[in-house]
Amino acid sequence: MMFQMRQAPILEIGKRSRPLLLPERTMFREGQTPFSSLFTIQISGKLEEGQIVRALASIQNKHPLLRCVVQGRSFVLLKRPQPIPLRIVERQSDDDWQREVRREWCRPFHAAQDPLLRVVWLRASFAHELLLVAHHCICDGQSGITLLRDLLAACDDPAHVATESYDALGAIEDLVPQELLHNPRFHREVRRKRRILRLVMFFRSLQPGRKPAPRVSAEQMYFHRWLLDEASTKRLTERAKAEGVTVLSAAGLALMQAFRDVRGAEGLRKTYAMVNARRYLPRLRSDALFGIVPGIELSVKGLSSTEQISIDHYWSRARRLKNEIDRAVTRLGRQVYSYLVALEGLHDQYGQFVFDTDNAPAVRHLTISNLGKIELQQQYQGFRLEAVYSPLVMVSPTPANTVVLSTFAGRMEFAIISDEFSLPHAHALAIQRRSMEILNTCVLLPGKKESSLAGNSVAEQTT
């Protein structure tokens with residue numbers, strides 16, 4: 001195992017800084033609470049250490065948040081930042097990357113000195129994995145895909161990424177149009193939302209104490225993943241389109257139903273879907289780093305109470321779910337600016353936000369994050385991108401029963417991230433089996449004899 005040589009600390013501060021937004025601050029805490037996004041790719045071909053080091057320097061030059069440290073409550077731009085750390089591990093098997101994920105996802109960042117991104121290279125003569133670990137306060141799913149795209153492009157052509165650098169640090173004035181920030185009507189709406197949020201926090205503080213879930217250790221955390229082959233993925237996509245729903249609605253409903261079947265009605269009190277807010281923030285570059293991902297709540301009403309799933313009822317319920325998601329996302333889009341600005345007036349409630357999170361009771365909900373089709377080039381001059389493993393997120397104090405969906409090279413992958421207390425690993429296996437049974441029943445045309453989706457899946461997990 002080798003490490004990239006690091007310079008002595010040079011904290012030569014530039015002229016620019018900006019405060020962490022409240023959602024970023026609650027993710028960052030004081031820098032010691034793990035809250036990481038992890039992205040792993042497999043590459044075949046020739047890679048050299050100097051090639052990767054130059055590529056990392058290039059993406060650091062492009063993205064200003066990678067040249068920042070966190071001092072107090074602010075991102076501070078450095079003139080001469082530390083390089084992005086690169087750790088090199090000699091690759092012995094196809095499963096080594098899973099061990100490295102477990103090693104990395106609980107490691108804090110030394111954010112007062114180092115970038116909020118680090119990379120692990122599992123090196124062999126021809127097969128490699130690159131693992132990108134970023135703090136979630138600067139990196140959502142799309143940011144991670146952008147970093148992968150930039151890294152691969154820079155490894156292929158060192159001059160490519162450096163020409164695309166930008167300056168915005170992602171402050172409120174970089175996100176919200178100036179005309180709104182000077183609009184009295186907008187500020188009345190912001191004050192109204194702020195009062196509502198304060199009332200919610202106040203009444204929550206008056207609630208009788210609930211027994212918090214026990215602290216979760218790193219050894220209790222796991223991810224469980226399975227893959228659909230190209231034929232099964234295509235069949236699911238085409239059937240969803242024919243039924244007038246999105247893949248998220250079709251697959252998400254199967255997961256919700258499976259989760260309830262395995263855990264019982266009391267084990268699924270709420271379901272959330274994460275939303276890419278960028279579509280409602282046009283001032284934010286599509287390739288800029290950004291870590292805030294709002295969620296919308298989905299109704300668990302209408303789920304079947306028996307193991308027998310009616311195909312007609314399933315697709316009718318999926319259409320209702322799609323309409324529900326569309327309405328919630330539209331409502332979120334209309335309010336995203338006012339909520340962002342309103343939250344900036346609640347920094348005095350930061351301690352209460354952290355307390356509520358740290359003392360939350362046992363997890364009884366499901367969070368679905370759909371990254372959709374991952375658009376990354378596969379063939380490069382000296383190497384080929386073979387696989388993009390499902391991105392993972394480590395949320396402290398518990399992964400909170402998150403399911404990530406993603407599709408690359410025509411194959412859909414599911415990944416459950418949780419811990420043994422919130423969701424025993426045996427239950428994750430049962431949820432995989434049940435969700436695939438449901439999809440097999442409802443995706444295949446009645447009367448057609450085809451191999452099941454579950455039979456075409458490949459399951460891998462780290463425990």
# chains A, B, ... in the order shown; residues from 1 in each chain; ligands from 1
>>> residues_around(residues="range 337-349 of chain A", least_positions_apart="4", cutoff="10 Å", atoms="only C-alpha atoms", output="PDB file with N, CA, C and O atoms, in the first residue's frame")
ATOM      1  N   PRO A  19     -20.107  31.508   3.862  1.00  0.00           N
ATOM      2  CA  PRO A  19     -20.606  30.660   4.951  1.00  0.00           C
ATOM      3  C   PRO A  19     -21.239  29.389   4.396  1.00  0.00           C
ATOM      4  O   PRO A  19     -21.798  29.386   3.292  1.00  0.00           O
ATOM      5  N   LEU A  20     -21.150  28.311   5.154  1.00  0.00           N
ATOM      6  CA  LEU A  20     -21.897  27.115   4.814  1.00  0.00           C
ATOM      7  C   LEU A  20     -23.381  27.420   4.934  1.00  0.00           C
ATOM      8  O   LEU A  20     -23.818  28.051   5.906  1.00  0.00           O
ATOM      9  N   LEU A  21     -24.160  26.986   3.941  1.00  0.00           N
ATOM     10  CA  LEU A  21     -25.607  27.068   4.062  1.00  0.00           C
ATOM     11  C   LEU A  21     -26.051  26.135   5.185  1.00  0.00           C
ATOM     12  O   LEU A  21     -25.353  25.173   5.518  1.00  0.00           O
ATOM     13  N   LEU A  22     -27.217  26.395   5.775  1.00  0.00           N
ATOM     14  CA  LEU A  22     -27.640  25.592   6.921  1.00  0.00           C
ATOM     15  C   LEU A  22     -27.713  24.098   6.599  1.00  0.00           C
ATOM     16  O   LEU A  22     -27.242  23.280   7.406  1.00  0.00           O
ATOM     17  N   PRO A  23     -28.273  23.670   5.444  1.00  0.00           N
ATOM     18  CA  PRO A  23     -28.247  22.231   5.157  1.00  0.00           C
ATOM     19  C   PRO A  23     -26.829  21.679   5.051  1.00  0.00           C
ATOM     20  O   PRO A  23     -26.564  20.555   5.484  1.00  0.00           O
ATOM     21  N   ARG A  25     -24.249  22.889   6.658  1.00  0.00           N
ATOM     22  CA  ARG A  25     -23.705  22.906   8.016  1.00  0.00           C
ATOM     23  C   ARG A  25     -24.202  21.709   8.818  1.00  0.00           C
ATOM     24  O   ARG A  25     -23.440  21.109   9.588  1.00  0.00           O
ATOM     25  N   THR A  26     -25.491  21.338   8.664  1.00  0.00           N
ATOM     26  CA  THR A  26     -26.015  20.200   9.409  1.00  0.00           C
ATOM     27  C   THR A  26     -25.435  18.885   8.914  1.00  0.00           C
ATOM     28  O   THR A  26     -25.393  17.903   9.655  1.00  0.00           O
ATOM     29  N   ILE A 172     -25.625  31.787  -1.573  1.00  0.00           N
ATOM     30  CA  ILE A 172     -27.027  32.083  -1.874  1.00  0.00           C
ATOM     31  C   ILE A 172     -27.137  32.975  -3.101  1.00  0.00           C
ATOM     32  O   ILE A 172     -27.978  32.764  -3.982  1.00  0.00           O
ATOM     33  N   GLU A 173     -26.280  33.978  -3.204  1.00  0.00           N
ATOM     34  CA  GLU A 173     -26.353  34.883  -4.350  1.00  0.00           C
ATOM     35  C   GLU A 173     -25.937  34.210  -5.658  1.00  0.00           C
ATOM     36  O   GLU A 173     -26.234  34.726  -6.738  1.00  0.00           O
ATOM     37  N   LEU A 175     -27.077  31.194  -6.287  1.00  0.00           N
ATOM     38  CA  LEU A 175     -28.193  30.278  -6.549  1.00  0.00           C
ATOM     39  C   LEU A 175     -29.503  30.997  -6.814  1.00  0.00           C
ATOM     40  O   LEU A 175     -30.291  30.572  -7.655  1.00  0.00           O
ATOM     41  N   VAL A 176     -29.739  32.091  -6.071  1.00  0.00           N
ATOM     42  CA  VAL A 176     -31.030  32.789  -6.139  1.00  0.00           C
ATOM     43  C   VAL A 176     -30.878  34.053  -6.980  1.00  0.00           C
ATOM     44  O   VAL A 176     -29.944  34.835  -6.761  1.00  0.00           O
ATOM     45  N   PRO A 177     -31.777  34.277  -7.941  1.00  0.00           N
ATOM     46  CA  PRO A 177     -31.685  35.478  -8.782  1.00  0.00           C
ATOM     47  C   PRO A 177     -31.712  36.756  -7.946  1.00  0.00           C
ATOM     48  O   PRO A 177     -32.441  36.860  -6.958  1.00  0.00           O
ATOM     49  N   LEU A 180     -35.039  38.438  -7.166  1.00  0.00           N
ATOM     50  CA  LEU A 180     -35.810  37.884  -6.058  1.00  0.00           C
ATOM     51  C   LEU A 180     -35.271  38.364  -4.722  1.00  0.00           C
ATOM     52  O   LEU A 180     -36.035  38.676  -3.796  1.00  0.00           O
ATOM     53  N   LEU A 181     -33.959  38.408  -4.593  1.00  0.00           N
ATOM     54  CA  LEU A 181     -33.353  38.819  -3.332  1.00  0.00           C
ATOM     55  C   LEU A 181     -33.700  40.261  -2.975  1.00  0.00           C
ATOM     56  O   LEU A 181     -33.569  40.660  -1.812  1.00  0.00           O
ATOM     57  N   PHE A 186     -41.156  38.493  -2.230  1.00  0.00           N
ATOM     58  CA  PHE A 186     -40.368  37.288  -1.965  1.00  0.00           C
ATOM     59  C   PHE A 186     -39.949  37.234  -0.500  1.00  0.00           C
ATOM     60  O   PHE A 186     -40.033  36.191   0.155  1.00  0.00           O
ATOM     61  N   HIS A 187     -39.534  38.366   0.048  1.00  0.00           N
ATOM     62  CA  HIS A 187     -39.087  38.373   1.437  1.00  0.00           C
ATOM     63  C   HIS A 187     -40.246  38.174   2.404  1.00  0.00           C
ATOM     64  O   HIS A 187     -40.049  37.593   3.494  1.00  0.00           O
ATOM     65  N   ARG A 188     -41.442  38.588   2.042  1.00  0.00           N
ATOM     66  CA  ARG A 188     -42.602  38.272   2.885  1.00  0.00           C
ATOM     67  C   ARG A 188     -42.841  36.765   2.913  1.00  0.00           C
ATOM     68  O   ARG A 188     -43.149  36.193   3.967  1.00  0.00           O
ATOM     69  N   GLU A 189     -42.699  36.118   1.756  1.00  0.00           N
ATOM     70  CA  GLU A 189     -42.847  34.659   1.694  1.00  0.00           C
ATOM     71  C   GLU A 189     -41.757  33.972   2.511  1.00  0.00           C
ATOM     72  O   GLU A 189     -42.014  32.982   3.212  1.00  0.00           O
ATOM     73  N   VAL A 190     -40.540  34.483   2.443  1.00  0.00           N
ATOM     74  CA  VAL A 190     -39.437  33.916   3.228  1.00  0.00           C
ATOM     75  C   VAL A 190     -39.730  34.036   4.718  1.00  0.00           C
ATOM     76  O   VAL A 190     -39.537  33.072   5.484  1.00  0.00           O
ATOM     77  N   ARG A 191     -40.223  35.195   5.157  1.00  0.00           N
ATOM     78  CA  ARG A 191     -40.517  35.380   6.580  1.00  0.00           C
ATOM     79  C   ARG A 191     -41.641  34.450   7.036  1.00  0.00           C
ATOM     80  O   ARG A 191     -41.604  33.918   8.151  1.00  0.00           O
ATOM     81  N   ARG A 192     -42.643  34.247   6.178  1.00  0.00           N
ATOM     82  CA  ARG A 192     -43.737  33.341   6.514  1.00  0.00           C
ATOM     83  C   ARG A 192     -43.215  31.915   6.701  1.00  0.00           C
ATOM     84  O   ARG A 192     -43.549  31.236   7.677  1.00  0.00           O
ATOM     85  N   LYS A 193     -42.385  31.439   5.764  1.00  0.00           N
ATOM     86  CA  LYS A 193     -41.826  30.091   5.878  1.00  0.00           C
ATOM     87  C   LYS A 193     -40.935  29.966   7.107  1.00  0.00           C
ATOM     88  O   LYS A 193     -40.930  28.936   7.790  1.00  0.00           O
ATOM     89  N   ARG A 194     -40.197  31.012   7.383  1.00  0.00           N
ATOM     90  CA  ARG A 194     -39.301  30.970   8.547  1.00  0.00           C
ATOM     91  C   ARG A 194     -40.099  30.853   9.839  1.00  0.00           C
ATOM     92  O   ARG A 194     -39.725  30.100  10.747  1.00  0.00           O
ATOM     93  N   ARG A 195     -41.207  31.580   9.928  1.00  0.00           N
ATOM     94  CA  ARG A 195     -42.060  31.470  11.121  1.00  0.00           C
ATOM     95  C   ARG A 195     -42.628  30.065  11.260  1.00  0.00           C
ATOM     96  O   ARG A 195     -42.681  29.498  12.361  1.00  0.00           O
ATOM     97  N   ILE A 196     -43.049  29.487  10.130  1.00  0.00           N
ATOM     98  CA  ILE A 196     -43.595  28.131  10.168  1.00  0.00           C
ATOM     99  C   ILE A 196     -42.527  27.145  10.636  1.00  0.00           C
ATOM    100  O   ILE A 196     -42.778  26.278  11.487  1.00  0.00           O
ATOM    101  N   LEU A 197     -41.320  27.261  10.099  1.00  0.00           N
ATOM    102  CA  LEU A 197     -40.246  26.348  10.481  1.00  0.00           C
ATOM    103  C   LEU A 197     -39.892  26.504  11.956  1.00  0.00           C
ATOM    104  O   LEU A 197     -39.620  25.522  12.654  1.00  0.00           O
ATOM    105  N   ARG A 198     -39.905  27.730  12.454  1.00  0.00           N
ATOM    106  CA  ARG A 198     -39.624  27.943  13.873  1.00  0.00           C
ATOM    107  C   ARG A 198     -40.703  27.310  14.746  1.00  0.00           C
ATOM    108  O   ARG A 198     -40.405  26.719  15.794  1.00  0.00           O
ATOM    109  N   MET A 201     -40.127  23.583  14.852  1.00  0.00           N
ATOM    110  CA  MET A 201     -39.023  23.257  15.749  1.00  0.00           C
ATOM    111  C   MET A 201     -39.449  23.421  17.212  1.00  0.00           C
ATOM    112  O   MET A 201     -39.087  22.612  18.082  1.00  0.00           O
ATOM    113  N   PHE A 202     -40.248  24.457  17.501  1.00  0.00           N
ATOM    114  CA  PHE A 202     -40.677  24.699  18.875  1.00  0.00           C
ATOM    115  C   PHE A 202     -41.559  23.561  19.379  1.00  0.00           C
ATOM    116  O   PHE A 202     -41.334  23.012  20.465  1.00  0.00           O
ATOM    117  N   TYR A 280     -34.330  23.305 -10.770  1.00  0.00           N
ATOM    118  CA  TYR A 280     -34.997  24.526 -10.331  1.00  0.00           C
ATOM    119  C   TYR A 280     -34.010  25.601  -9.888  1.00  0.00           C
ATOM    120  O   TYR A 280     -34.408  26.611  -9.315  1.00  0.00           O
ATOM    121  N   LEU A 281     -32.736  25.374 -10.135  1.00  0.00           N
ATOM    122  CA  LEU A 281     -31.690  26.337  -9.803  1.00  0.00           C
ATOM    123  C   LEU A 281     -30.871  26.628 -11.057  1.00  0.00           C
ATOM    124  O   LEU A 281     -29.715  26.219 -11.178  1.00  0.00           O
ATOM    125  N   ILE A 292     -26.747  19.689  -1.646  1.00  0.00           N
ATOM    126  CA  ILE A 292     -28.067  19.734  -1.019  1.00  0.00           C
ATOM    127  C   ILE A 292     -29.068  18.967  -1.866  1.00  0.00           C
ATOM    128  O   ILE A 292     -29.271  19.283  -3.044  1.00  0.00           O
ATOM    129  N   LEU A 332     -42.272  21.574  -4.856  1.00  0.00           N
ATOM    130  CA  LEU A 332     -40.925  21.849  -4.357  1.00  0.00           C
ATOM    131  C   LEU A 332     -40.221  22.858  -5.246  1.00  0.00           C
ATOM    132  O   LEU A 332     -39.554  23.778  -4.759  1.00  0.00           O
ATOM    133  N   GLY A 333     -40.361  22.701  -6.554  1.00  0.00           N
ATOM    134  CA  GLY A 333     -39.709  23.609  -7.489  1.00  0.00           C
ATOM    135  C   GLY A 333     -40.165  25.047  -7.331  1.00  0.00           C
ATOM    136  O   GLY A 333     -39.360  25.986  -7.455  1.00  0.00           O
ATOM    137  N   PHE A 353     -31.426  21.136  15.323  1.00  0.00           N
ATOM    138  CA  PHE A 353     -31.411  20.230  14.176  1.00  0.00           C
ATOM    139  C   PHE A 353     -30.501  19.031  14.459  1.00  0.00           C
ATOM    140  O   PHE A 353     -30.862  17.882  14.205  1.00  0.00           O
ATOM    141  N   VAL A 354     -29.311  19.299  14.970  1.00  0.00           N
ATOM    142  CA  VAL A 354     -28.351  18.231  15.246  1.00  0.00           C
ATOM    143  C   VAL A 354     -28.878  17.318  16.346  1.00  0.00           C
ATOM    144  O   VAL A 354     -28.790  16.089  16.253  1.00  0.00           O
ATOM    145  N   PHE A 355     -29.445  17.916  17.392  1.00  0.00           N
ATOM    146  CA  PHE A 355     -29.984  17.116  18.499  1.00  0.00           C
ATOM    147  C   PHE A 355     -31.083  16.186  18.003  1.00  0.00           C
ATOM    148  O   PHE A 355     -31.128  15.005  18.368  1.00  0.00           O
TER     149      PHE A 355
END
>>> residues_around(residues="Leu117 in chain A", least_positions_apart="6", cutoff="10 Å", atoms="only C-alpha atoms", output="list in words")
Ser36, Ser37, Leu38, Leu56, Gln60, Leu65, Leu66, Pro83, Ile84, Pro85, Leu86, Phe109, Ala111, Leu132, Val133, Ala134, His135, His136, Ile138, Cys139 and Leu147 of chain A
>>> write_last_selection(atoms="N, CA and C atoms", output="compact mmCIF listing (two decimals), in the first residue's frame")
# COMPACT_ATOMS: atom_id res chain seq x y z
N SER A 36 -20.68 10.85 3.93
CA SER A 36 -19.88 10.74 2.72
C SER A 36 -20.69 10.20 1.55
N SER A 37 -20.33 10.65 0.35
CA SER A 37 -20.82 10.06 -0.89
C SER A 37 -19.66 9.30 -1.51
N LEU A 38 -19.94 8.07 -1.97
CA LEU A 38 -18.88 7.20 -2.50
C LEU A 38 -19.25 6.73 -3.89
N LEU A 56 -6.25 14.55 -11.10
CA LEU A 56 -6.82 15.09 -9.86
C LEU A 56 -6.48 16.58 -9.72
N GLN A 60 -9.28 19.58 -9.55
CA GLN A 60 -9.20 20.52 -8.43
C GLN A 60 -9.13 21.95 -8.95
N LEU A 65 -14.71 24.50 -4.99
CA LEU A 65 -14.95 23.90 -3.67
C LEU A 65 -13.90 22.85 -3.32
N LEU A 66 -13.18 22.33 -4.33
CA LEU A 66 -12.09 21.39 -4.05
C LEU A 66 -10.81 22.11 -3.67
N PRO A 83 -3.06 19.02 -2.37
CA PRO A 83 -3.59 18.20 -3.46
C PRO A 83 -4.63 17.21 -2.95
N ILE A 84 -5.50 16.77 -3.82
CA ILE A 84 -6.48 15.75 -3.48
C ILE A 84 -5.75 14.47 -3.10
N PRO A 85 -5.97 13.93 -1.90
CA PRO A 85 -5.23 12.74 -1.47
C PRO A 85 -5.54 11.54 -2.35
N LEU A 86 -4.49 10.80 -2.69
CA LEU A 86 -4.61 9.56 -3.47
C LEU A 86 -3.96 8.43 -2.68
N PHE A 109 -13.11 13.76 7.24
CA PHE A 109 -12.19 14.58 6.45
C PHE A 109 -11.50 15.58 7.38
N ALA A 111 -10.96 18.69 7.28
CA ALA A 111 -11.43 19.75 6.40
C ALA A 111 -10.79 21.10 6.67
N LEU A 132 -13.97 7.23 -5.43
CA LEU A 132 -14.00 8.63 -5.05
C LEU A 132 -14.85 8.78 -3.80
N VAL A 133 -14.28 9.42 -2.78
CA VAL A 133 -14.99 9.65 -1.52
C VAL A 133 -15.07 11.16 -1.33
N ALA A 134 -16.30 11.69 -1.29
CA ALA A 134 -16.49 13.13 -1.14
C ALA A 134 -17.42 13.39 0.04
N HIS A 135 -17.22 14.51 0.71
CA HIS A 135 -18.16 14.88 1.76
C HIS A 135 -19.47 15.31 1.11
N HIS A 136 -20.58 14.84 1.68
CA HIS A 136 -21.88 15.10 1.07
C HIS A 136 -22.22 16.59 1.06
N ILE A 138 -20.64 18.91 -0.16
CA ILE A 138 -20.29 19.51 -1.46
C ILE A 138 -20.63 18.59 -2.63
N CYS A 139 -21.18 17.40 -2.35
CA CYS A 139 -21.27 16.41 -3.42
C CYS A 139 -22.53 15.57 -3.30
N LEU A 147 -17.69 14.45 -11.24
CA LEU A 147 -16.29 14.24 -10.87
C LEU A 147 -15.71 13.02 -11.59
>>> residues_around(residues="Gln379 in chain A", least_positions_apart="3", cutoff="12 Å", atoms="only C-alpha atoms", output="mmCIF file with N, CA, C and O atoms, in the first residue's frame")
data_model
loop_
_atom_site.group_PDB
_atom_site.id
_atom_site.type_symbol
_atom_site.label_atom_id
_atom_site.label_comp_id
_atom_site.auth_asym_id
_atom_site.auth_seq_id
_atom_site.Cartn_x
_atom_site.Cartn_y
_atom_site.Cartn_z
ATOM 1 N N ILE A 43 -12.113 -0.122 -14.254
ATOM 2 C CA ILE A 43 -11.451 0.247 -15.508
ATOM 3 C C ILE A 43 -10.556 -0.895 -15.951
ATOM 4 O O ILE A 43 -9.891 -1.536 -15.129
ATOM 5 N N SER A 44 -10.541 -1.156 -17.237
ATOM 6 C CA SER A 44 -9.568 -2.098 -17.800
ATOM 7 C C SER A 44 -8.617 -1.323 -18.710
ATOM 8 O O SER A 44 -9.032 -0.386 -19.397
ATOM 9 N N GLY A 45 -7.360 -1.690 -18.672
ATOM 10 C CA GLY A 45 -6.372 -1.007 -19.494
ATOM 11 C C GLY A 45 -5.202 -0.523 -18.660
ATOM 12 O O GLY A 45 -4.992 -0.973 -17.533
ATOM 13 N N LEU A 152 -12.031 10.940 -15.597
ATOM 14 C CA LEU A 152 -11.752 10.082 -16.746
ATOM 15 C C LEU A 152 -11.288 10.907 -17.943
ATOM 16 O O LEU A 152 -10.355 10.517 -18.652
ATOM 17 N N ALA A 153 -11.946 12.047 -18.167
ATOM 18 C CA ALA A 153 -11.556 12.901 -19.296
ATOM 19 C C ALA A 153 -10.141 13.429 -19.121
ATOM 20 O O ALA A 153 -9.363 13.492 -20.083
ATOM 21 N N ASP A 156 -7.584 10.782 -19.737
ATOM 22 C CA ASP A 156 -7.490 10.540 -21.175
ATOM 23 C C ASP A 156 -6.779 11.685 -21.891
ATOM 24 O O ASP A 156 -5.983 11.464 -22.798
ATOM 25 N N LEU A 376 -21.801 8.172 -18.976
ATOM 26 C CA LEU A 376 -20.339 8.268 -18.982
ATOM 27 C C LEU A 376 -19.803 7.543 -20.203
ATOM 28 O O LEU A 376 -20.265 6.449 -20.547
ATOM 29 N N GLY A 382 -6.530 4.873 -23.820
ATOM 30 C CA GLY A 382 -5.703 3.812 -23.269
ATOM 31 C C GLY A 382 -6.408 2.904 -22.291
ATOM 32 O O GLY A 382 -5.785 2.001 -21.722
ATOM 33 N N PHE A 383 -7.705 3.124 -22.084
ATOM 34 C CA PHE A 383 -8.428 2.306 -21.111
ATOM 35 C C PHE A 383 -9.913 2.311 -21.450
ATOM 36 O O PHE A 383 -10.382 3.086 -22.293
ATOM 37 N N ARG A 384 -10.644 1.441 -20.759
ATOM 38 C CA ARG A 384 -12.082 1.323 -20.972
ATOM 39 C C ARG A 384 -12.796 1.314 -19.626
ATOM 40 O O ARG A 384 -12.364 0.643 -18.678
ATOM 41 N N LEU A 385 -13.881 2.063 -19.533
ATOM 42 C CA LEU A 385 -14.727 2.055 -18.340
ATOM 43 C C LEU A 385 -15.652 0.845 -18.425
ATOM 44 O O LEU A 385 -16.551 0.786 -19.262
ATOM 45 N N GLU A 386 -15.432 -0.131 -17.552
ATOM 46 C CA GLU A 386 -16.186 -1.383 -17.605
ATOM 47 C C GLU A 386 -17.460 -1.346 -16.767
ATOM 48 O O GLU A 386 -18.473 -1.943 -17.140
ATOM 49 N N ALA A 387 -17.408 -0.701 -15.612
ATOM 50 C CA ALA A 387 -18.562 -0.727 -14.719
ATOM 51 C C ALA A 387 -18.576 0.517 -13.849
ATOM 52 O O ALA A 387 -17.523 1.061 -13.498
ATOM 53 N N ALA A 409 -24.558 1.317 -18.828
ATOM 54 C CA ALA A 409 -24.330 0.339 -19.897
ATOM 55 C C ALA A 409 -25.520 -0.611 -20.034
ATOM 56 O O ALA A 409 -25.346 -1.809 -20.261
#
>>> select_by_dssp(residues="range 254-316 of chain A", states="alpha helix (DSSP H)", output="PyMOL selection string")
chain A and resi 254-263+311-316
>>> write_last_selection(atoms="C-alpha atoms", output="compact mmCIF listing (two decimals), in the first residue's frame")
# COMPACT_ATOMS: atom_id res chain seq x y z
CA ALA A 254 -41.94 -2.66 -5.89
CA LEU A 255 -39.41 -1.65 -3.25
CA MET A 256 -42.04 0.00 -1.06
CA GLN A 257 -44.27 -3.07 -1.28
CA ALA A 258 -41.39 -5.45 -0.61
CA PHE A 259 -40.20 -3.37 2.33
CA ARG A 260 -43.69 -3.47 3.84
CA ASP A 261 -44.11 -7.20 3.17
CA VAL A 262 -40.83 -7.99 4.90
CA ARG A 263 -40.97 -5.45 7.74
CA ILE A 311 -51.08 -6.69 -12.09
CA ASP A 312 -53.81 -4.17 -12.88
CA HIS A 313 -53.80 -2.84 -9.32
CA TYR A 314 -50.02 -2.60 -9.35
CA TRP A 315 -49.82 -0.44 -12.47
CA SER A 316 -52.80 1.66 -11.35
>>> closest_residue(among="A:His63, A:Lys301, A:Arg434, A:Arg334", to="Asp167 in chain A", atoms="only C-alpha atoms")
A:His63
>>> closest_residue(among="A:Ile309, A:Ser249, A:Ala265, A:Glu164", to="Ile325 in chain A", atoms="only C-alpha atoms")
A:Ser249
>>> closest_atom_pairs(of="range 327-394 of chain A", to="range 412-433 of chain A", cutoff="12 Å", atoms="only C-alpha atoms", output="JSON lines")
{"residue": "A:Ala360", "atom": "CA", "partner": "A:Ser422", "partner_atom": "CA", "distance": 11.8}
{"residue": "A:Pro361", "atom": "CA", "partner": "A:Ser422", "partner_atom": "CA", "distance": 10.1}
{"residue": "A:Ala362", "atom": "CA", "partner": "A:Ser422", "partner_atom": "CA", "distance": 6.5}
{"residue": "A:Val363", "atom": "CA", "partner": "A:Ser422", "partner_atom": "CA", "distance": 5.6}
{"residue": "A:Arg364", "atom": "CA", "partner": "A:Ser422", "partner_atom": "CA", "distance": 7.7}
{"residue": "A:His365", "atom": "CA", "partner": "A:Ser422", "partner_atom": "CA", "distance": 9.5}
{"residue": "A:Leu366", "atom": "CA", "partner": "A:Ile416", "partner_atom": "CA", "distance": 10.0}
{"residue": "A:Thr367", "atom": "CA", "partner": "A:Ile416", "partner_atom": "CA", "distance": 9.8}
{"residue": "A:Ile368", "atom": "CA", "partner": "A:Ile416", "partner_atom": "CA", "distance": 9.3}
{"residue": "A:Ser369", "atom": "CA", "partner": "A:Ala415", "partner_atom": "CA", "distance": 9.8}
{"residue": "A:Asn370", "atom": "CA", "partner": "A:Phe414", "partner_atom": "CA", "distance": 9.5}
{"residue": "A:Leu371", "atom": "CA", "partner": "A:Glu413", "partner_atom": "CA", "distance": 10.3}
{"residue": "A:Gly372", "atom": "CA", "partner": "A:Met412", "partner_atom": "CA", "distance": 8.7}
{"residue": "A:Lys373", "atom": "CA", "partner": "A:Met412", "partner_atom": "CA", "distance": 8.5}
{"residue": "A:Ile374", "atom": "CA", "partner": "A:Met412", "partner_atom": "CA", "distance": 10.1}
{"residue": "A:Ala387", "atom": "CA", "partner": "A:Glu413", "partner_atom": "CA", "distance": 10.9}
{"residue": "A:Val388", "atom": "CA", "partner": "A:Glu413", "partner_atom": "CA", "distance": 9.5}
{"residue": "A:Tyr389", "atom": "CA", "partner": "A:Glu413", "partner_atom": "CA", "distance": 7.8}
{"residue": "A:Ser390", "atom": "CA", "partner": "A:Glu413", "partner_atom": "CA", "distance": 6.3}
{"residue": "A:Pro391", "atom": "CA", "partner": "A:Ala415", "partner_atom": "CA", "distance": 8.2}
{"residue": "A:Leu392", "atom": "CA", "partner": "A:Ile417", "partner_atom": "CA", "distance": 7.2}
{"residue": "A:Val393", "atom": "CA", "partner": "A:Ile417", "partner_atom": "CA", "distance": 7.5}
{"residue": "A:Met394", "atom": "CA", "partner": "A:Ile417", "partner_atom": "CA", "distance": 7.9}
>>> write_last_selection(atoms="C-alpha atoms", output="PDB file, in the first residue's frame")
ATOM      1  CA  ALA A 360     -33.953  10.136  16.432  1.00  0.00           C
ATOM      2  CA  PRO A 361     -35.810   6.937  17.328  1.00  0.00           C
ATOM      3  CA  ALA A 362     -35.307   3.697  15.440  1.00  0.00           C
ATOM      4  CA  VAL A 363     -35.641   4.113  11.683  1.00  0.00           C
ATOM      5  CA  ARG A 364     -39.076   3.187  10.352  1.00  0.00           C
ATOM      6  CA  HIS A 365     -38.855   4.687   6.898  1.00  0.00           C
ATOM      7  CA  LEU A 366     -37.373   4.143   3.464  1.00  0.00           C
ATOM      8  CA  THR A 367     -35.484   6.665   1.317  1.00  0.00           C
ATOM      9  CA  ILE A 368     -35.245   6.074  -2.435  1.00  0.00           C
ATOM     10  CA  SER A 369     -32.600   7.854  -4.488  1.00  0.00           C
ATOM     11  CA  ASN A 370     -32.796   7.389  -8.245  1.00  0.00           C
ATOM     12  CA  LEU A 371     -29.752   8.496 -10.227  1.00  0.00           C
ATOM     13  CA  GLY A 372     -31.264   7.226 -13.455  1.00  0.00           C
ATOM     14  CA  LYS A 373     -29.111   6.535 -16.487  1.00  0.00           C
ATOM     15  CA  ILE A 374     -25.451   7.374 -15.806  1.00  0.00           C
ATOM     16  CA  ALA A 387     -18.562  -0.727 -14.719  1.00  0.00           C
ATOM     17  CA  VAL A 388     -20.002   2.006 -12.530  1.00  0.00           C
ATOM     18  CA  TYR A 389     -21.004   0.467  -9.223  1.00  0.00           C
ATOM     19  CA  SER A 390     -24.032   1.933  -7.526  1.00  0.00           C
ATOM     20  CA  PRO A 391     -23.104   5.150  -5.725  1.00  0.00           C
ATOM     21  CA  LEU A 392     -23.382   4.862  -1.955  1.00  0.00           C
ATOM     22  CA  VAL A 393     -24.016   7.330   0.838  1.00  0.00           C
ATOM     23  CA  MET A 394     -22.946   7.071   4.465  1.00  0.00           C
TER      24      MET A 394
END
